[in-house]
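Here is work.txt, consisting of compact mmCIF, C-alpha atoms:
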```txt
# COMPACT_ATOMS: atom_id res chain seq x y z
CA CYS A 1 49.54 44.47 4.37
CA LEU A 2 46.82 43.93 6.97
CA PHE A 3 48.11 42.28 10.13
CA LEU A 4 45.53 40.43 12.24
CA LEU A 5 48.08 38.64 14.41
CA GLY A 6 49.77 40.54 17.21
CA VAL A 7 48.89 44.23 17.08
CA VAL A 8 46.03 44.63 14.59
CA ARG A 9 47.34 47.13 12.08
CA CYS A 10 47.95 48.08 8.46
CA GLU A 11 51.39 48.70 7.03
CA VAL A 12 51.59 50.79 3.86
CA ASP A 13 54.91 51.93 2.38
CA GLY A 14 56.63 51.50 5.73
CA ALA A 15 53.99 53.48 7.62
CA GLU A 16 52.12 51.68 10.41
CA HIS A 17 48.47 52.38 11.22
CA LEU A 18 47.07 50.83 14.42
CA LEU A 19 43.44 49.84 14.92
CA HIS A 20 42.32 50.85 18.42
CA GLY A 21 39.48 49.38 20.43
CA GLU A 22 38.64 45.80 21.33
CA GLN A 23 35.40 45.62 19.36
CA PRO A 24 36.80 46.95 16.04
CA ARG A 25 39.78 44.60 16.30
CA ILE A 26 37.52 41.61 16.84
CA LEU A 27 35.29 42.57 13.92
CA LEU A 28 38.16 43.09 11.49
CA THR A 29 39.83 39.86 12.61
CA VAL A 30 36.66 37.82 12.04
CA LEU A 31 36.06 39.35 8.62
CA GLY A 32 39.70 39.22 7.59
CA TRP A 33 39.99 35.56 8.60
CA GLN A 34 37.06 34.67 6.32
CA GLN A 35 38.81 36.19 3.28
CA ASP A 36 35.96 37.57 1.15
CA MET A 37 33.34 35.24 2.63
CA PRO A 38 30.23 36.98 4.02
CA VAL A 39 29.54 36.86 7.77
CA THR A 40 26.08 37.52 9.17
CA GLY A 41 25.45 40.38 11.54
CA ASP A 42 24.38 37.92 14.23
CA GLU A 43 27.64 35.98 13.90
CA LEU A 44 29.66 39.17 14.17
CA SER A 45 27.67 40.37 17.16
CA GLU A 46 28.15 37.06 18.95
CA ALA A 47 31.87 37.15 18.22
CA ILE A 48 32.15 40.68 19.63
CA TRP A 49 29.77 40.67 22.58
CA GLY A 50 29.16 37.00 23.34
CA THR A 51 25.94 35.03 23.41
CA ASP A 52 23.83 37.46 25.48
CA PRO A 53 21.44 39.08 22.95
CA THR A 54 20.70 41.98 25.30
CA SER A 55 24.32 43.16 25.21
CA TYR A 56 24.21 44.38 21.61
CA SER A 57 21.94 45.70 18.87
CA ALA A 58 22.07 46.22 15.12
CA ALA A 59 22.89 49.87 15.75
CA SER A 60 25.80 48.90 18.01
CA LEU A 61 27.20 46.66 15.29
CA ARG A 62 26.89 49.38 12.68
CA LYS A 63 28.93 51.71 14.88
CA VAL A 64 31.73 49.15 15.12
CA VAL A 65 31.61 48.54 11.36
CA SER A 66 31.82 52.31 10.79
CA LYS A 67 34.95 52.53 12.93
CA VAL A 68 36.61 49.73 10.98
CA ARG A 69 35.65 51.29 7.66
CA SER A 70 37.13 54.62 8.74
CA PHE A 71 40.33 52.89 9.80
CA LEU A 72 40.68 51.08 6.47
CA SER A 73 39.83 54.18 4.47
CA ASP A 74 42.40 56.29 6.32
CA SER A 75 45.16 53.67 6.09
CA VAL A 76 44.73 51.79 2.79
CA GLY A 77 41.99 53.66 0.94
CA GLU A 78 39.78 51.41 -1.20
CA VAL A 79 42.29 48.57 -1.46
CA THR A 80 40.66 46.80 1.50
CA ARG A 81 37.12 47.57 2.60
CA VAL A 82 34.14 46.18 4.51
CA GLU A 83 31.03 45.65 2.40
CA ASN A 84 27.42 45.15 3.48
CA ILE A 85 25.60 42.47 1.50
CA GLY A 86 22.00 41.76 2.48
CA GLY A 87 22.53 41.77 6.22
CA CYS A 88 25.97 40.20 5.94
CA TYR A 89 29.40 41.80 5.99
CA ARG A 90 32.57 40.82 4.22
CA CYS A 91 36.11 42.14 3.98
CA THR A 92 37.41 42.40 0.42
CA SER A 93 40.96 43.13 -0.72
CA HIS A 94 42.12 44.15 -4.17
CA GLY A 95 45.40 44.59 -5.99
CA SER A 96 48.48 44.10 -3.86
CA ALA A 97 46.60 44.03 -0.54
CA GLN A 98 47.54 41.08 1.66
CA ILE A 99 46.40 39.66 4.99
CA ASP A 100 49.06 38.11 7.21
CA ILE A 101 47.15 34.89 7.99
CA ALA A 102 46.57 34.25 4.28
CA VAL A 103 50.20 35.05 3.48
CA ALA A 104 51.38 32.61 6.16
CA THR A 105 49.07 29.83 4.96
CA ASP A 106 50.04 30.32 1.32
CA SER A 107 53.74 30.50 2.18
CA LEU A 108 53.53 27.26 4.13
CA ALA A 109 51.75 25.48 1.29
CA ARG A 110 54.34 26.77 -1.19
CA ALA A 111 57.23 25.63 1.03
CA ASP A 112 55.68 22.17 1.33
CA ALA A 113 55.28 21.91 -2.44
CA LEU A 114 58.84 23.08 -3.13
CA ARG A 115 60.23 20.60 -0.62
CA ARG A 116 58.32 17.73 -2.22
CA ASP A 117 59.70 18.78 -5.62
CA GLY A 118 63.24 18.64 -4.24
CA ARG A 119 63.73 22.41 -4.41
CA ILE A 120 64.97 22.58 -0.82
CA GLU A 121 66.82 25.89 -1.02
CA ASP A 122 63.81 27.60 -2.61
CA ALA A 123 61.56 26.22 0.15
CA LEU A 124 63.50 27.87 2.98
CA LYS A 125 62.32 31.45 2.42
CA PRO A 126 58.54 30.78 2.35
CA ALA A 127 58.85 28.36 5.28
CA GLY A 128 60.69 31.01 7.30
CA ARG A 129 58.14 33.64 6.28
CA ALA A 130 55.28 31.49 7.56
CA THR A 131 57.15 30.76 10.78
CA ASP A 132 57.81 34.44 11.47
CA LEU A 133 54.23 35.54 10.77
CA LEU A 134 52.65 32.80 12.87
CA ARG A 135 54.65 33.68 16.00
CA ALA A 136 52.42 36.66 16.78
CA PRO A 137 49.41 35.90 19.05
CA LEU A 138 45.79 36.26 17.97
CA LEU A 139 44.00 39.16 19.71
CA PRO A 140 46.12 39.02 22.88
CA GLY A 141 44.29 40.02 26.04
CA ILE A 142 40.85 39.21 24.61
CA ASP A 143 38.99 36.14 25.88
CA ARG A 144 36.25 34.59 23.76
CA GLU A 145 35.26 30.94 23.32
CA TRP A 146 35.60 31.09 19.54
CA LEU A 147 39.11 32.47 19.91
CA GLN A 148 40.25 29.27 21.60
CA ILE A 149 39.40 27.35 18.43
CA ARG A 150 41.16 29.84 16.17
CA ARG A 151 44.21 29.93 18.41
CA ALA A 152 44.41 26.12 18.37
CA GLU A 153 44.33 26.23 14.55
CA LEU A 154 47.15 28.78 14.52
CA HIS A 155 49.20 26.67 16.96
CA ARG A 156 48.92 23.68 14.63
CA LEU A 157 49.97 25.80 11.67
CA ARG A 158 52.87 27.25 13.63
CA ARG A 159 54.10 23.82 14.72
CA HIS A 160 53.91 22.64 11.12
CA ALA A 161 55.85 25.68 9.94
CA LEU A 162 58.53 25.19 12.61
CA CYS A 163 58.94 21.48 11.86
CA LEU A 164 59.10 22.09 8.11
CA THR A 165 61.62 24.88 8.56
CA ALA A 166 63.73 22.63 10.78
CA GLN A 167 63.64 19.84 8.19
CA ILE A 168 64.74 22.21 5.42
CA GLU A 169 67.51 23.72 7.57
CA SER A 170 68.82 20.26 8.46
CA HIS A 171 69.01 19.36 4.78
CA LEU A 172 70.93 22.58 4.09
CA GLY A 173 73.34 21.98 6.98
CA ALA A 174 72.05 24.74 9.26
CA HIS A 175 71.85 22.31 12.18
CA ASP A 176 71.78 24.79 15.07
CA ASP A 177 68.87 26.65 13.47
CA ALA A 178 67.08 23.38 12.77
CA MET A 179 67.38 22.20 16.37
CA GLY A 180 66.24 25.59 17.64
CA HIS A 181 63.11 25.61 15.49
CA ALA A 182 62.29 21.99 16.31
CA ALA A 183 62.73 22.67 20.04
CA GLU A 184 60.37 25.63 19.69
CA ALA A 185 57.79 23.32 18.11
CA VAL A 186 58.11 20.90 21.04
CA SER A 187 57.68 23.70 23.57
CA LEU A 188 54.56 24.84 21.73
CA GLY A 189 53.11 21.32 21.53
CA PRO A 190 54.70 19.04 24.14
CA PHE A 191 52.19 16.25 23.40
CA ASP A 192 52.66 16.41 19.62
CA GLU A 193 54.84 13.49 18.52
CA GLY A 194 55.46 15.11 15.15
CA SER A 195 57.25 17.98 16.87
CA HIS A 196 59.31 15.55 18.95
CA ARG A 197 60.26 13.62 15.81
CA ALA A 198 61.36 16.86 14.17
CA LEU A 199 63.68 17.54 17.11
CA ILE A 200 65.05 13.99 17.18
CA SER A 201 65.64 14.15 13.42
CA ALA A 202 67.39 17.52 13.70
CA HIS A 203 69.83 16.04 16.23
CA LEU A 204 70.41 12.98 14.06
CA ALA A 205 71.10 15.14 10.99
CA ALA A 206 73.74 16.97 13.04
CA ASP A 207 75.33 13.62 14.06
CA ASP A 208 74.31 14.38 17.63
CA ASN A 209 73.18 10.91 18.71
CA GLY A 210 73.27 11.83 22.38
CA GLY A 211 70.97 14.80 21.81
CA ALA A 212 68.66 12.61 19.75
CA ILE A 213 68.38 10.08 22.59
CA VAL A 214 67.67 12.86 25.10
CA ALA A 215 64.95 14.21 22.80
CA TYR A 216 63.44 10.75 22.40
CA GLU A 217 63.45 10.13 26.15
CA ALA A 218 61.72 13.47 26.73
CA CYS A 219 59.00 12.43 24.28
CA ARG A 220 58.63 8.97 25.83
CA THR A 221 58.45 10.39 29.35
CA VAL A 222 55.81 13.03 28.65
CA LEU A 223 53.56 10.56 26.80
CA LEU A 224 53.90 7.93 29.52
CA GLU A 225 53.38 10.32 32.43
CA GLU A 226 50.52 12.31 30.92
CA PHE A 227 48.63 9.64 28.98
CA GLY A 228 50.07 6.27 29.99
CA ILE A 229 51.03 5.48 26.39
CA ARG A 230 54.26 4.83 24.57
CA PRO A 231 55.62 6.59 21.48
CA SER A 232 54.31 5.50 18.10
CA ALA A 233 56.17 3.24 15.69
CA ALA A 234 57.31 6.23 13.65
CA THR A 235 58.98 7.77 16.72
CA ASN A 236 60.46 4.45 17.88
CA ASN A 237 61.95 3.87 14.44
CA LEU A 238 63.98 7.06 14.84
CA HIS A 239 65.20 5.81 18.22
```

Whole structure, structure tokens version:
Amino acid sequence: CLFLLGVVRCEVDGAEHLLHGEQPRILLTVLGWQQDMPVTGDELSEAIWGTDPTSYSAASLRKVVSKVRSFLSDSVGEVTRVENIGGCYRCTSHGSAQIDIAVATDSLARADALRRDGRIEDALKPAGRATDLLRAPLLPGIDREWLQIRRAELHRLRRHALCLTAQIESHLGAHDDAMGHAAEAVSLGPFDEGSHRALISAHLAADDNGGAIVAYEACRTVLLEEFGIRPSAATNNLH
């Protein structure tokens, strides 16, 4: 499996191979995120070095690509590789190769579908898998404007995974776990009413009316103080 979140690495048969260097990690993350879609050399260069065209060259990019190719070849062989297609690059995976972001997204979609079909117990494992994978940060210690957008996307996915996991756990009677995951979603997105509703609902499912009221008041207070608005009808209905 190729991990782009947290420490960029490959894990094969229990062995861990780390990718060193800021530039190679950025390149592999951009290509891996696109999942087989080609990315132009200019887009990769901007992602790595920023918008200053004097800070990079085609030769500089080729060196970074070479480092990533060597890393993949040494760790996973030909299962995952970087291809050059008419001035564009793409990361392709074959066979059992997996990328953590894709696994998390697919697991979350599967958990949602199973929950809608009433297969609550079956939904718990993929929901928990998505939650665990999405906890790791994206390229920690690296600051790029495009990363802010990607990190915001991951935060939304993580909140969704936490709220879904909490809902499933409440249904299965694991109330402490449900409240913990819902509280984590609120801490990640204090202005997200959906996360607050997940926490209120988790308390209600546990017959903890006092905790539900405290959770509602926390939501009402933060919305009023930060934005001067009141909770939505969906949140008030829970109250």

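Distances here use only C-alpha atoms; by that measure, the residue among A:Leu124, A:Leu108, A:Ala205, A:Met179 closest to Ala161 of chain A is A:Leu108.
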
- Using all atoms listed in the file, which residues sit within 9 Å of Asp176 of chain A once same-chain residues fewer than 5 positions away are excluded, as a ChimeraX atom specification? /A:169-170,181,202,206

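If you count all atoms listed in the file and ignore residues fewer than 4 places along the chain from segment 187-199 of chain A, what sits within 7 Å of it is Arg159, Cys163, Met179, Ala182, Ala183, His203, Ala215, Cys219, Leu223 and Thr235 of chain A.
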
- Item | Atom pair atom CA of Arg81 of chain A / atom CA of Leu2 of chain A: separation (Å) |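 Computing the Euclidean distance for atom CA of Arg81 of chain A and atom CA of Leu2 of chain A yields 11.2 Å.
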
- Any idea what's packed within 8 Å of segment 31-35 of chain A, counting all atoms listed in the file, ignoring anything in its chain fewer than 6 positions away? Could you give it as a ChimeraX atom specification? /A:4,89-92,99,101-102

- Task: Please identify all polymer residues within 7 Å of Tyr216 of chain A, counting all atoms listed in the file, omitting same-chain residues fewer than 4 positions from it, and present them as a list in words.
- Result: Ile200, Ala212, Arg220 and His239 of chain A

Near-Gly41 of chain A list (9 Å; all atoms listed in the file; drop same-chain fewer than 4 positions) as a PDB file with C-alpha atoms, in the coordinates of the input:
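Dumped to part09.pdb:
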```pdb
ATOM      1  CA  SER A  45      27.670  40.370  17.160  1.00  0.00           C
ATOM      2  CA  GLU A  46      28.150  37.060  18.950  1.00  0.00           C
ATOM      3  CA  ALA A  58      22.070  46.220  15.120  1.00  0.00           C
ATOM      4  CA  LEU A  61      27.200  46.660  15.290  1.00  0.00           C
ATOM      5  CA  GLY A  87      22.530  41.770   6.220  1.00  0.00           C
ATOM      6  CA  CYS A  88      25.970  40.200   5.940  1.00  0.00           C
ATOM      7  CA  TYR A  89      29.400  41.800   5.990  1.00  0.00           C
TER       8      TYR A  89
END
```

Where's the centre, and what are the edge lengths in Å to one decimal, of a box along x, y and z enclosing all listed atoms of segment 165-173 of chain A padded 6 Å per side, as JSON?
```
{"center_x": 67.5, "center_y": 22.1, "center_z": 7.4, "size_x": 23.7, "size_y": 17.5, "size_z": 18.7}
```

Residues of segment 14-126 of chain A at most 10 Å from segment 134-138 of chain A: nearest atom pair and distance in Å, only C-alpha atoms, as a Markdown table:
```
| residue | atom | partner | partner_atom | distance |
| --- | --- | --- | --- | --- |
| A:Ile26 | CA | A:Leu138 | CA | 9.9 |
| A:Thr29 | CA | A:Leu138 | CA | 8.8 |
| A:Asp100 | CA | A:Leu134 | CA | 8.6 |
| A:Ile101 | CA | A:Leu134 | CA | 7.6 |
| A:Val103 | CA | A:Leu134 | CA | 10.0 |
| A:Ala104 | CA | A:Leu134 | CA | 6.8 |
| A:Thr105 | CA | A:Leu134 | CA | 9.2 |
```

- Which residue of A:His175, A:Arg9, A:Arg150, A:His155 approaches Phe71 of chain A most closely, using all atoms listed in the file: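 Smallest distance to Phe71 of chain A is found for A:Arg9.
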
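Considering the residues A:Ala97, A:Ala218, A:Ile168, A:Leu224 and counting only C-alpha atoms, Arg119 of chain A has its shortest atom-to-atom contact with A:Ile168.
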
Kindly provide the residues of segment 40-76 of chain A that approach segment 143-146 of chain A to within 9 Å, each paired with its closest atom pair and their distance in Å to one decimal, based on all atoms listed in the file, listed by chain and increasing number, as CSV.
```
residue,atom,partner,partner_atom,distance
A:Ala47,CA,A:Trp146,CA,7.2
A:Ile48,CA,A:Arg144,CA,8.4
A:Trp49,CA,A:Arg144,CA,9.0
A:Gly50,CA,A:Arg144,CA,7.5
```

What would segment 13-28 of chain A look like with N, CA, C and O atoms restored, written as a PDB file, keeping the file's coordinate frame?
```
ATOM      1  N   ASP A  13      53.687  51.187   2.710  1.00  0.00           N
ATOM      2  CA  ASP A  13      54.910  51.930   2.380  1.00  0.00           C
ATOM      3  C   ASP A  13      55.739  52.263   3.607  1.00  0.00           C
ATOM      4  O   ASP A  13      56.259  53.381   3.759  1.00  0.00           O
ATOM      5  N   GLY A  14      55.825  51.315   4.524  1.00  0.00           N
ATOM      6  CA  GLY A  14      56.630  51.500   5.730  1.00  0.00           C
ATOM      7  C   GLY A  14      55.933  52.232   6.855  1.00  0.00           C
ATOM      8  O   GLY A  14      56.462  52.299   7.968  1.00  0.00           O
ATOM      9  N   ALA A  15      54.749  52.777   6.585  1.00  0.00           N
ATOM     10  CA  ALA A  15      53.990  53.480   7.620  1.00  0.00           C
ATOM     11  C   ALA A  15      53.037  52.508   8.304  1.00  0.00           C
ATOM     12  O   ALA A  15      52.374  51.711   7.645  1.00  0.00           O
ATOM     13  N   GLU A  16      52.943  52.605   9.625  1.00  0.00           N
ATOM     14  CA  GLU A  16      52.120  51.680  10.410  1.00  0.00           C
ATOM     15  C   GLU A  16      50.887  52.415  10.944  1.00  0.00           C
ATOM     16  O   GLU A  16      50.997  53.501  11.522  1.00  0.00           O
ATOM     17  N   HIS A  17      49.727  51.806  10.748  1.00  0.00           N
ATOM     18  CA  HIS A  17      48.470  52.380  11.220  1.00  0.00           C
ATOM     19  C   HIS A  17      47.818  51.365  12.156  1.00  0.00           C
ATOM     20  O   HIS A  17      47.499  50.247  11.741  1.00  0.00           O
ATOM     21  N   LEU A  18      47.611  51.740  13.414  1.00  0.00           N
ATOM     22  CA  LEU A  18      47.070  50.830  14.420  1.00  0.00           C
ATOM     23  C   LEU A  18      45.559  50.971  14.512  1.00  0.00           C
ATOM     24  O   LEU A  18      45.027  52.078  14.451  1.00  0.00           O
ATOM     25  N   LEU A  19      44.883  49.835  14.692  1.00  0.00           N
ATOM     26  CA  LEU A  19      43.440  49.840  14.920  1.00  0.00           C
ATOM     27  C   LEU A  19      43.192  49.770  16.425  1.00  0.00           C
ATOM     28  O   LEU A  19      43.582  48.804  17.081  1.00  0.00           O
ATOM     29  N   HIS A  20      42.546  50.782  16.975  1.00  0.00           N
ATOM     30  CA  HIS A  20      42.320  50.850  18.420  1.00  0.00           C
ATOM     31  C   HIS A  20      40.910  50.373  18.758  1.00  0.00           C
ATOM     32  O   HIS A  20      39.976  50.502  17.959  1.00  0.00           O
ATOM     33  N   GLY A  21      40.777  49.825  19.962  1.00  0.00           N
ATOM     34  CA  GLY A  21      39.480  49.380  20.430  1.00  0.00           C
ATOM     35  C   GLY A  21      39.291  47.882  20.288  1.00  0.00           C
ATOM     36  O   GLY A  21      39.575  47.320  19.227  1.00  0.00           O
ATOM     37  N   GLU A  22      38.815  47.247  21.346  1.00  0.00           N
ATOM     38  CA  GLU A  22      38.640  45.800  21.330  1.00  0.00           C
ATOM     39  C   GLU A  22      37.608  45.367  20.299  1.00  0.00           C
ATOM     40  O   GLU A  22      37.844  44.416  19.523  1.00  0.00           O
ATOM     41  N   GLN A  23      36.469  46.037  20.259  1.00  0.00           N
ATOM     42  CA  GLN A  23      35.400  45.620  19.360  1.00  0.00           C
ATOM     43  C   GLN A  23      35.785  45.752  17.880  1.00  0.00           C
ATOM     44  O   GLN A  23      35.564  44.814  17.101  1.00  0.00           O
ATOM     45  N   PRO A  24      36.365  46.865  17.435  1.00  0.00           N
ATOM     46  CA  PRO A  24      36.800  46.950  16.040  1.00  0.00           C
ATOM     47  C   PRO A  24      37.849  45.898  15.673  1.00  0.00           C
ATOM     48  O   PRO A  24      37.826  45.343  14.573  1.00  0.00           O
ATOM     49  N   ARG A  25      38.755  45.607  16.603  1.00  0.00           N
ATOM     50  CA  ARG A  25      39.780  44.600  16.300  1.00  0.00           C
ATOM     51  C   ARG A  25      39.155  43.217  16.128  1.00  0.00           C
ATOM     52  O   ARG A  25      39.558  42.446  15.254  1.00  0.00           O
ATOM     53  N   ILE A  26      38.193  42.889  16.975  1.00  0.00           N
ATOM     54  CA  ILE A  26      37.520  41.610  16.840  1.00  0.00           C
ATOM     55  C   ILE A  26      36.798  41.529  15.500  1.00  0.00           C
ATOM     56  O   ILE A  26      36.904  40.535  14.767  1.00  0.00           O
ATOM     57  N   LEU A  27      36.050  42.580  15.163  1.00  0.00           N
ATOM     58  CA  LEU A  27      35.290  42.570  13.920  1.00  0.00           C
ATOM     59  C   LEU A  27      36.198  42.402  12.701  1.00  0.00           C
ATOM     60  O   LEU A  27      35.934  41.572  11.826  1.00  0.00           O
ATOM     61  N   LEU A  28      37.275  43.179  12.646  1.00  0.00           N
ATOM     62  CA  LEU A  28      38.160  43.090  11.490  1.00  0.00           C
ATOM     63  C   LEU A  28      38.858  41.736  11.431  1.00  0.00           C
ATOM     64  O   LEU A  28      39.070  41.191  10.341  1.00  0.00           O
TER      65      LEU A  28
END
```
